[in-house]
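*Asks:* Input: one structure, supplied below.
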Amino acid sequence: MARKTECCRLNGLEISLIVLFLLMTAVSVGLITVLALKLDSEKQEVTPEEPSPSVDPPENPYLIGVGRADCTGPVADLPMMGYANTEQTVRGIHTRLFSRAFIVDDGSKRVVFITADIGMVSQRLRLEVLQELKAKYGDLYRQDNVVISGTHTHAGVGGYFQYTLFMITSKGYIKPSIQAIVSGIVKSIDLAHRNLRPGRIFINKGQLVDSNLNRSPHSYMNNPEEERNRYEFNTDKQIVILKFTDLDGDGMGLLSWFAVHPVSMNNTNRMVSSDNLGYASYAFEQEKNIGFLPGEGPFVAGFSSSNLGDSSPNILGPVCVNTGEKCDYLNSSCPIGGKKECLAFGPGEDMFESTRMIGENMYKKAKELYSRAKQELHGPVYGAHQWVNMTDETVPLNSTHTVRDTNGDPFWDGIRDAVLGPPSNETTACHRPKPILFSTGEMNSPLPWHPAIVDVQIITIGSLAIVAVPGEFTTMSGRRIREAVKKELEVKESFANAEVVVAGLCNIYTHYITTYEEYQIQRYEGASTIFGPHTLSAYIQRYRGLAKAIAHGTIRDLPKGPDPPFFDEDKLFNQVKDPVADLAPADTVFGDILEQVNPSYKVGEIASVTFVAGNPRHSGDIRDKTFVTVERFHNDTDSWEIVHTDASWETRFHWIKGLAGRSQSKVEWHIPLTAQTGTYRIQHFGHYKQIMDNNTITTPYVGTSDAFKVTKSFYYY
């Protein structure tokens, strides 16, 4: 009995062990299966950083060069360019501004595309760049093969125009401002020229649906219904990218076009900033140029403007800030406070976060398209260009009638007529239904108020056509001109399935270009279309002519057109005064600390320090320099390593203007969650000006904060 009982116990123990073994086996198999599935999934999702070329390199590859250069100008007390508000003067740096150049040579011809972090390209700026290029390279880089595009950031510095209206809003022609931009653009081309080597170009495109909003939907809805029905959205959601590699498949650069206004940084901002397009470039380059500070490293990523005229990054739309209600649909105004209370907002908590979020959306989509780009561009490159006098341009309405490219307010019209004289009957008829306050096209004192002679230009790389437009084309205007150019090119087999992109704000700025139907609504974009309701039709006929010449090989037969004016500098006025001499408070010297850093910070917090400072304009040409460094101490080498400069997204350099030459510089470091723990310091570099014995003496100074610790947050490891 006892033995039987013991035997039963042994059998029960054996059964328990078997069950336990089976359970452990099942768990192990399950874990192995999950791990295998995860690894297989990762294999499917992960794309090689630089995918192998789809086919063997062509026998006659392109020569490709990329280059990037700082084009940041003076960052104190000068008007910013974009919002046309003379009270919005620059006082510091959020991010630096860069020019990015891309050269493509097919063995006999070459083209150059530059995207620069500036509000727009002025005629004066382009002419000065071409003059410097001719002095350096002869006829290698010319008006027909060089395109200069502005990203349209509204947080750059003005002062680089030669026409009266623009000089008024930016206080004249400011030599240090335009010289920084010209030198930066030319240097970016120099670098690309020196870096030319055999390579390949791949093209890809996709949709980005969460980063732009049509800010004038009422105008857009005035376009023909059958035309609108061809498109899913009332803004262009397509983003196009070019991937540049060498013959080994190693990445050299990226160039992208997407239609969004860089106005995430609003009109309260006082710091130079490249805005959302600039952030996309910054993020892409930082990922590719490991170990380099911003603005350094071989890989160049350019995010260029497109037909952004009515395309806003403020995707939450306009609301009445005083009531929280939606603004009036037709005129963007509020029942209480009118248009001043109607503001549009981006996706972030503030303009900095909105800038990052919109820029990050573009960066991530471009990264995805870059990694999957397999369609390769082949074939020759071409450049076609004309100068056109828009005031003499005629547009056929039908087989018998042509037109050359309303009611006003009695009070303002009376002032206009008394001071300046009424506009001509021809101008009034041309612009109807627009009421004309100032006939700027007929005003020529002290210089013409607007340009009359305008650049039109197309460059092609294989089957890709880049339409360089001289202003802000609206969504539908861009669609129409792309369609017209594509139709002209595709008559030739070499341009079958041509891809046409609109590059915005190129070569000269002529404000907005709406469709005829949008012009009739006379919202901001239509009211700012300076050559009248048929402006788009005039441009379409000119760009069709360029495309036809490229397709049929008759570029040399194109009339050059009238040369644009290049006014003597002594005719260009400047209302900006030189800053006064700097003065340090009693018992201080320049670079002394007024507000010290804390002893320690956690990641995610803001380290801040304030210095006795000089006016940043006394530092002269600030390109390739920095007002700020954030440095980390290395115990093993007993040395400080620079981890951030004023070109970094994480730093903000505020210049605080005081009285009688007294200034302060406040430096913020927004410590990223990825910052390494350790000991840090912040340094500020500048110059102060003194007048001694009628001589101006400029002296450099350095300010250094106390060392402080950075630790990880309790919530971040």
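Labels used: A, B, ... for chains in the order of the structure tokens, numbers from 1 for residues in each chain, and numbers from 1 for ligands as shown.
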Just list the residues in region 240-283 of chain A DSSP gives alpha helix (DSSP H) on the backbone, as a ChimeraX atom specification.

*Replies:* /A:275-283

*Asks:* Contacts between region 74-93 of chain A and region 268-290 of chain A, please, where a residue of region 268-290 of chain A counts if it comes within 10 Å (with only C-alpha atoms); show its shortest atom pair and distance in Å to one decimal, rows by chain and ascending number, as CSV.

*Replies:*
```
residue,atom,partner,partner_atom,distance
A:Thr268,CA,A:Gln88,CA,7.4
A:Asn269,CA,A:Gln88,CA,7.8
A:Arg270,CA,A:Val90,CA,4.8
A:Met271,CA,A:Gly92,CA,4.6
A:Val272,CA,A:Ile93,CA,4.7
A:Ser273,CA,A:Ile93,CA,6.6
A:Ser274,CA,A:Ile93,CA,9.9
```

*Asks:* Hey, which of A:Glu517, A:Phe113, A:Ile606, A:Ile336 ends up closest to Gly324 (chain A)? Count only C-alpha atoms.

*Replies:*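 Among the listed residues, A:Ile336 lies closest to Gly324 (chain A).
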
*Asks:* Could you go through region 311-379 of chain A and tell me which residues DSSP, when run on the backbone, assigns to strand (DSSP E or B), listing them as a ChimeraX atom specification?

*Replies:* /A:311-312,317-320,326,334,338,342-345,375-376

*Asks:* Using only N, CA, C and O atoms, please write the residues we just selected to a file, as a CSV table (one decimal), in the first residue's frame.

*Replies:*
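File result06.csv, as written:
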```
chain,number,residue,atom,x,y,z
A,311,SER,N,-0.1,79.2,-50.3
A,311,SER,CA,0.1,78.0,-49.4
A,311,SER,C,0.7,78.4,-48.1
A,311,SER,O,1.9,78.8,-48.1
A,312,SER,N,0.0,78.2,-47.0
A,312,SER,CA,0.5,78.6,-45.7
A,312,SER,C,0.9,77.4,-44.8
A,312,SER,O,0.2,76.3,-44.9
A,317,GLY,N,-5.2,77.1,-39.3
A,317,GLY,CA,-6.1,78.0,-39.9
A,317,GLY,C,-6.3,79.3,-39.1
A,317,GLY,O,-5.8,79.5,-38.0
A,318,PRO,N,-7.0,80.3,-39.7
A,318,PRO,CA,-7.2,81.6,-39.0
A,318,PRO,C,-8.3,81.6,-38.0
A,318,PRO,O,-9.4,81.1,-38.3
A,319,VAL,N,-8.1,82.2,-36.9
A,319,VAL,CA,-9.1,82.4,-35.8
A,319,VAL,C,-9.0,83.8,-35.3
A,319,VAL,O,-8.0,84.5,-35.4
A,320,CYS,N,-10.1,84.3,-34.7
A,320,CYS,CA,-10.1,85.6,-34.0
A,320,CYS,C,-9.5,85.4,-32.7
A,320,CYS,O,-10.0,84.7,-31.8
A,326,LYS,N,-13.9,81.4,-35.6
A,326,LYS,CA,-13.2,81.4,-36.9
A,326,LYS,C,-13.4,82.8,-37.6
A,326,LYS,O,-14.4,83.4,-37.4
A,334,CYS,N,-12.6,89.8,-38.3
A,334,CYS,CA,-13.3,89.4,-37.1
A,334,CYS,C,-14.4,90.4,-36.9
A,334,CYS,O,-14.2,91.6,-37.1
A,338,GLY,N,-11.7,93.5,-36.5
A,338,GLY,CA,-11.4,93.5,-37.9
A,338,GLY,C,-10.3,92.5,-38.2
A,338,GLY,O,-10.1,91.5,-37.6
A,342,CYS,N,-7.5,88.7,-36.7
A,342,CYS,CA,-7.6,87.5,-37.4
A,342,CYS,C,-6.1,87.0,-37.6
A,342,CYS,O,-5.4,87.6,-38.4
A,343,LEU,N,-5.7,85.9,-37.0
A,343,LEU,CA,-4.4,85.3,-37.1
A,343,LEU,C,-4.5,83.8,-37.4
A,343,LEU,O,-5.4,83.2,-36.8
A,344,ALA,N,-3.6,83.3,-38.2
A,344,ALA,CA,-3.5,81.9,-38.5
A,344,ALA,C,-2.4,81.3,-37.6
A,344,ALA,O,-1.3,81.9,-37.4
A,345,PHE,N,-2.6,80.0,-37.3
A,345,PHE,CA,-1.6,79.4,-36.4
A,345,PHE,C,-1.1,78.1,-36.9
A,345,PHE,O,-1.9,77.4,-37.6
A,375,GLN,N,14.5,56.0,-60.0
A,375,GLN,CA,14.4,56.5,-61.3
A,375,GLN,C,15.6,57.5,-61.6
A,375,GLN,O,15.7,58.5,-60.9
A,376,GLU,N,16.4,57.1,-62.6
A,376,GLU,CA,17.6,57.9,-62.9
A,376,GLU,C,17.4,58.9,-64.0
A,376,GLU,O,16.7,58.6,-65.0
```

*Asks:* When you look at region 234-247 of chain A with a cut-off of 7 Å (counting only C-alpha atoms), what residues show up, excluding the ones that are within fewer than 4 positions of it in the same chain? I need them as a list in words.

*Replies:* Pro57, Pro198, Gly199, Arg200, Ile201, Phe202, Ile203, Asn204, Lys205, Gly206, Gln207, Leu208, Val209, Leu213, Asn214, Gly251, Met252, Gly253, Leu254, Leu255, Ser256, Trp257, Phe258, Ala259, Ser311, Ala366, Tyr370 and Thr475 of chain A

*Asks:* Would you please work out which residue, of A:Glu499, A:Glu353, A:Glu605, A:Asp70, is nearest to Ser713 (chain A) when using only C-alpha atoms?

*Replies:*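 Under the stated criterion, the closest residue is A:Glu605.
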
*Asks:* What is the distance between CA of His94 (chain A) and CA of Ser608 (chain A), in Å to one decimal?

*Replies:*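 Atom-to-atom, CA of His94 (chain A) to CA of Ser608 (chain A), that is 14.5 Å.
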
*Asks:* At a cut-off of 10 Å, using only C-alpha atoms, what residues contact Arg356 (chain A)? Leave out same-chain residues fewer than 2 positions from it and give the result as a list in words.

*Replies:*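 Contacts, in chain order: Ser264, Asp275, Asn276, Leu277, Gly278, Tyr279, Ala280, Ala283, Pro347, Gly348, Met351, Phe352, Glu353, Ser354, Ile358, Gly359, Glu360, Asn361, Met362 and Trp649 of chain A.
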
*Asks:* Go through A:Ile458, A:Ile148, A:Leu140, A:Ile642 one by one, measure the shortest atom-to-atom distance of each to Arg126 (chain A) using only C-alpha atoms, and give the residue with the smallest value.

*Replies:*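 That would be A:Ile148, the residue with the smallest distance to Arg126 (chain A).
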
*Asks:* Looking at only C-alpha atoms, which of A:Glu569, A:Ala613, A:Asp582, A:Asn695 is the one that sits closest to Leu447 (chain A)?

*Replies:*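 For Leu447 (chain A), the nearest of the candidates is A:Glu569.
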
*Asks:* Could you state the separation of CA of Gly703 (chain A) and CA of Phe590 (chain A) in Å, given to one decimal place?

*Replies:*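 It comes out at 7.5 Å.
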